[in-house]
Structure formats: structure tokens, C-alpha cells
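Below is one structure, written out as C-alpha cells; the observations come after it.
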Amino acid sequence: MRPASTVRRRPRLILMTAVAAVLAGCTAGPSVRPAVIDNDGKTTPGSSTAPQQVPLPPLTEPRSPSIKWDGCDEATRQRLGLPSVPDTLKFSCARVPTTLDAPDLPGRGLSRLSVVKTGDGPIPLVVVNDVDGEPGSLYAARLAAALPPEYLRKFSLIGVDRRGTGASMPVQCIPGEIRAELLGADPAAGDLEPVVDAARKAGQQCAIELDDSQVAMDSWRAAGDLEELREQLGMDKLHALGRGDGSKVLAEYAVRFPAQVGRVMLDGLPDPAADAAAVQESVAASAQATLDAFGADCIARGCPIGDARAAVTAVADRLRGAPATTTDGVEVTSGIAIYAVHAGLAQRSRWVELAEALKTAQTGDVTPLAAFAEPVLKDSRARPTRLDGTLATKCNDSATRLSAEELTRVTTTLRDKYPQFGVFAA
């Protein structure tokens, strides 16, 4: 179950303060791409608006696939961690060569897309996840574990790590100390300059590390990766599932390759409205509603924390006065705590764990709560942080950016209306 949303959009609070600041001073982008939805003009009087019946694309089996699959069951299970997926599921991996397609790269460059297959079905169903969520290969594995066996006898799920994420040449360009400044910013602080300054430094460092390839990280080019994947799978049509802004990649695919679109499901397509401030207010409202739903669920189960809003506020206030350290040496500030709470709210299956983590955080033990933020806090070769690839992609995808003055105004408004999450949405 996904958190509640007032606009049919999953709350997108992950790193909102950092993302907003980075978008205000991105070095690359925004991408110059046509809109996903084009208005060809006003409807002429008397024209029919009745929906047309369009037959579903056929589910044909692949012809002459060129992908070479290798068994990677143990490696995938290690990446998944615990709790894992049933032993009945087996995994195969492949590296798919694609065109990097950065405008200033001689020869357009090459990239390698990491994909994981699970299920024995003859029809490939490509799975694309949020850029700031779990890599698509792992999300597809968990999704397969929740599907009935008969489904996986018809379809095989092909999880895709989007370019710059997971095992697909991940972006790792933000130094650890700058990442800590971005994530640790106090959401109650009135002055945004420290986090904006950290964002500038992050952007500058990534520009140095990535050079011309930084402009190759966007949803438009990720759609091109899917077309190359379709060809190598030997499919006439691309059948796919997009979650969160993975839906945006599939929408871009439909614009670029309309004749190759098969059966597609979009789960949580991001709000396409041009008014950035209005979009972020709806995000804040959604997150606040999700917190209230979490609180009601917690009380129904005999909640250990009492009032959820009060518990989150108490933990943030405690850490604001004195940041705490986890058992493995990570400093947790009020900003990191609020981010961790949101990450937990976005995972309905972990609400019981989140309630327990808030309870222990109230007593000073922040290790369980910090675990929700670990995917962005920590960075290693085996498990790259989700922060860097997220910022590179969203920077290039963003067409509307708020100035520093507009950010300050929106922040003040949202802080008053949505005490727990308003600043993050800003």
C-alpha cells in the first residue's frame, strides 16, 4: 500500500530541501525536451470527444533476443538483504550496452544498463522504479515475491537499474561531508543559505567529476535505454510497469517511440503542473495526511508512541538541541530524523518498525530510526548512495526552478501550514 496522496501522487519528500536547493543552481539542464502531453489546439465545435476503443497490443513472445543472461541468485539476494524473497524465486542478470547520448561526448559514448530477470514466464515485463527509490532490479524482485505463481508463469519481470543508479554505472560525485550538510539541515531553521551553499558545492563537485556525462542523466535518455532494451529482448512492443517517477520515463518513452508501446501501467505519475510552489504544497499536504494515517493505524494497533505528530516533533526537538550518534558512528540531526520518518511513511509494510524506531529515538537511541535513511546516508561501491543519481537526474529533468527569494517565501508558508513536513516540500 502506498501512502495517502491528495493528488494521486506518492509523497515526494525525499531530500526535498536539498533537491529544491540544487535545482535552484543546477549546472546542467534543464533538458530541452518536448512536453509529455502536447495540446494540438482547441477542439473544434461539434467534434466528438467520445473515447475510441483501441485494442490491447498482443502479448507475443520474443523473437531472436540477443541478451545473454547469467545466473546471479546469490548476488541478488545479498543485494536485497533481509528479509529476502522466497527461495522459489531465481534470478538472472545481464549488462545491456546502451548509448550514453550526452550531447558533447565524441561518438555519443556508451553505457551499460544493469538488468535482473525473475520469473519463468515467456513475456518480458520491464519494471522501472523511482530514481530516488530502490534500484529497479531489486524493486522488481520484491514485486515478484508478492505476485501469484501463475502470473510469473506468464510474465518474467525485468527490473532495470536506471542510468546513474544501482549497478548501472552509478553516479557517485558528492563528498561525504557535503552529503551530511545537505541531509542534516535543520527543517526549523529560518535561514536557507547553509543548505543552498551545500547544494552549490555538491553541484560544482558533480560537474567536475561527471564532466560532459552529467547531462546524460535524465528521464528522456532513460526512455532511450528502454528502447535499446526492447530491441535486445527481441520484443515487438515494450510491456512495462513504472512506479513513481519511473512512470515519467515510460511517458517519455510513449512520446519518443509510440509505435513500440505495448501494455503499460503507470503507478504514481508525478504531478506535471508547471506551478512548482503549488505542486510542493500538495506534496506537503499529502505527507501530512500520510503521517496522520500512520498515527491512526498505530493507535489501532496499540501504538507505543501515542500521538504520531507529537512523537515526530519531540524527536526532532531533542536532536536539534543535541544530535545523537548511531552505533556505527553516524551523526543524526533533526533534519536526518525527519527525512528518516518520511522514508518510513513511504513504506507501508514498515510502519510497525517505524513506530518502534520513533519510540527508541525518544529515549536517545537513534540507530533504528537512522536505518530508514541509510540508503542515502551511506555510499559504497557495492551499495551506492541514492542521493547523487537522484540529484543528477532531477536537476536535468526540472523545467521550473524557484529563486532563493521564492524558496524563502514558500518555505515560510509551508512551515506554518504543515509543521512536520512543510519545509521539506519547499
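Simple scheme: letters A, B, ... for chains in C-alpha cells order, numbers from 1 for residues in each chain, numbers from 1 for ligands in the order shown.
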Extract, using only C-alpha atoms, all DNA, RNA and protein residues at most 6 Å from Ser247 (chain A), discarding same-chain residues fewer than 4 positions from it, and format them as an mmCIF file with all heavy atoms, in the first residue's frame.
data_model
loop_
_atom_site.group_PDB
_atom_site.id
_atom_site.type_symbol
_atom_site.label_atom_id
_atom_site.label_comp_id
_atom_site.auth_asym_id
_atom_site.auth_seq_id
_atom_site.Cartn_x
_atom_site.Cartn_y
_atom_site.Cartn_z
ATOM 1 N N GLY A 242 5.776 1.269 -14.544
ATOM 2 C CA GLY A 242 6.561 2.365 -13.989
ATOM 3 C C GLY A 242 5.991 2.800 -12.654
ATOM 4 O O GLY A 242 4.788 3.010 -12.527
ATOM 5 N N ARG A 243 6.844 2.918 -11.657
ATOM 6 C CA ARG A 243 6.416 3.327 -10.312
ATOM 7 C C ARG A 243 7.018 4.692 -9.996
ATOM 8 O O ARG A 243 8.199 4.931 -10.214
ATOM 9 C CB ARG A 243 6.870 2.292 -9.285
ATOM 10 C CG ARG A 243 6.542 2.639 -7.835
ATOM 11 C CD ARG A 243 6.938 1.474 -6.939
ATOM 12 N NE ARG A 243 6.655 1.708 -5.541
ATOM 13 C CZ ARG A 243 7.522 2.161 -4.653
ATOM 14 N NH1 ARG A 243 8.771 2.448 -5.042
ATOM 15 N NH2 ARG A 243 7.187 2.335 -3.386
ATOM 16 N N LEU A 266 1.160 2.773 -15.204
ATOM 17 C CA LEU A 266 1.815 3.903 -14.548
ATOM 18 C C LEU A 266 1.293 4.010 -13.121
ATOM 19 O O LEU A 266 0.116 4.278 -12.915
ATOM 20 C CB LEU A 266 1.538 5.204 -15.317
ATOM 21 C CG LEU A 266 1.892 5.195 -16.813
ATOM 22 C CD1 LEU A 266 1.586 6.556 -17.429
ATOM 23 C CD2 LEU A 266 3.346 4.813 -17.038
ATOM 24 N N LEU A 269 2.253 8.577 -11.324
ATOM 25 C CA LEU A 269 2.903 9.527 -12.232
ATOM 26 C C LEU A 269 3.050 10.884 -11.538
ATOM 27 O O LEU A 269 2.090 11.411 -10.981
ATOM 28 C CB LEU A 269 2.063 9.684 -13.498
ATOM 29 C CG LEU A 269 2.622 10.584 -14.599
ATOM 30 C CD1 LEU A 269 3.858 9.962 -15.212
ATOM 31 C CD2 LEU A 269 1.569 10.837 -15.669
#
Run DSSP on the backbone of this structure and report the residues of region 139-199 of chain A it assigns to alpha helix (DSSP H), as a PyMOL selection string. chain A and resi 139-146+149-154+176-184+193-199
Please provide the set of residues having any atom within 12 Å of Val96 (chain A), restricted to only C-alpha atoms, with same-chain residues fewer than 5 positions apart removed, written as a VMD selection string. chain A and resid 65 to 69 110 to 116 158 160 to 163 167 to 169 225 to 233
Restrict the selected residues to C-alpha atoms and save them as an mmCIF file, in the first residue's frame.
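Saved as selection_29.cif:
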data_model
loop_
_atom_site.group_PDB
_atom_site.id
_atom_site.type_symbol
_atom_site.label_atom_id
_atom_site.label_comp_id
_atom_site.auth_asym_id
_atom_site.auth_seq_id
_atom_site.Cartn_x
_atom_site.Cartn_y
_atom_site.Cartn_z
ATOM 1 C CA PRO A 65 16.680 -11.999 -28.296
ATOM 2 C CA SER A 66 20.341 -11.008 -28.074
ATOM 3 C CA ILE A 67 20.693 -10.625 -24.288
ATOM 4 C CA LYS A 68 22.942 -13.140 -22.573
ATOM 5 C CA TRP A 69 21.618 -13.976 -19.099
ATOM 6 C CA LEU A 110 28.476 4.051 -24.391
ATOM 7 C CA SER A 111 26.822 2.962 -21.167
ATOM 8 C CA ARG A 112 25.885 -0.375 -19.643
ATOM 9 C CA LEU A 113 22.456 -0.912 -18.174
ATOM 10 C CA SER A 114 22.149 -3.439 -15.350
ATOM 11 C CA VAL A 115 19.006 -5.598 -15.505
ATOM 12 C CA VAL A 116 17.771 -8.518 -13.397
ATOM 13 C CA ILE A 158 12.889 -7.432 -15.976
ATOM 14 C CA VAL A 160 16.035 -2.052 -14.683
ATOM 15 C CA ASP A 161 18.556 -0.022 -12.707
ATOM 16 C CA ARG A 162 18.111 3.386 -14.327
ATOM 17 C CA ARG A 163 21.227 5.069 -15.692
ATOM 18 C CA ALA A 167 24.535 -1.153 -10.724
ATOM 19 C CA SER A 168 24.063 0.917 -13.913
ATOM 20 C CA MET A 169 27.236 2.998 -13.732
ATOM 21 C CA ASP A 225 17.674 2.988 -22.789
ATOM 22 C CA LEU A 226 14.349 1.143 -22.650
ATOM 23 C CA GLU A 227 14.090 1.176 -26.434
ATOM 24 C CA GLU A 228 17.520 -0.425 -26.732
ATOM 25 C CA LEU A 229 16.499 -2.939 -24.072
ATOM 26 C CA ARG A 230 13.301 -3.748 -26.019
ATOM 27 C CA GLU A 231 15.292 -4.450 -29.158
ATOM 28 C CA GLN A 232 17.725 -6.703 -27.330
ATOM 29 C CA LEU A 233 14.875 -8.559 -25.631
#
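Considering the residues A:Ala216, A:Ala324, A:Ala185, A:Ala254 and counting only C-alpha atoms, Tyr339 (chain A) has its shortest atom-to-atom contact with A:Ala185.
The residue that comes closest to Gly71 (chain A), out of A:Leu56, A:Ala222, A:Val352, A:Ala94 and on the basis of only C-alpha atoms, is A:Ala94.
Using only C-alpha atoms, the protein and nucleic acid residues lying no more than 9 Å from region 140-143 of chain A, apart from those fewer than 5 places from it along its own chain, are Thr76, Leu80, Ser84, Val85, Leu89, Phe91, Val116, Lys117, Thr118, Val126, Val127, Val128, Asn129, Pro135, Leu157, Ile158, Gly159 and Val160 of chain A.
A straight line drawn from CA of Gln420 (chain A) to CA of Ala287 (chain A) is 8.8 Å long.
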Name all residues at most 12 Å from Asp292 (chain A) (count only C-alpha atoms; drop same-chain ones fewer than 2 positions away) and give them as a PyMOL selection string. chain A and resi 3-5+285-290+294-299+306-312+345+418+420
Go through A:Asp236, A:Met265, A:Arg77, A:Ala373 and flag the residue nearest Arg63 (chain A), using only C-alpha atoms for the distances. A:Asp236
Under the rule that only C-alpha atoms are counted, which of A:Gly121, A:Gly166, A:Pro149, A:Gly184 is the nearest residue to Glu331 (chain A)? A:Gly184
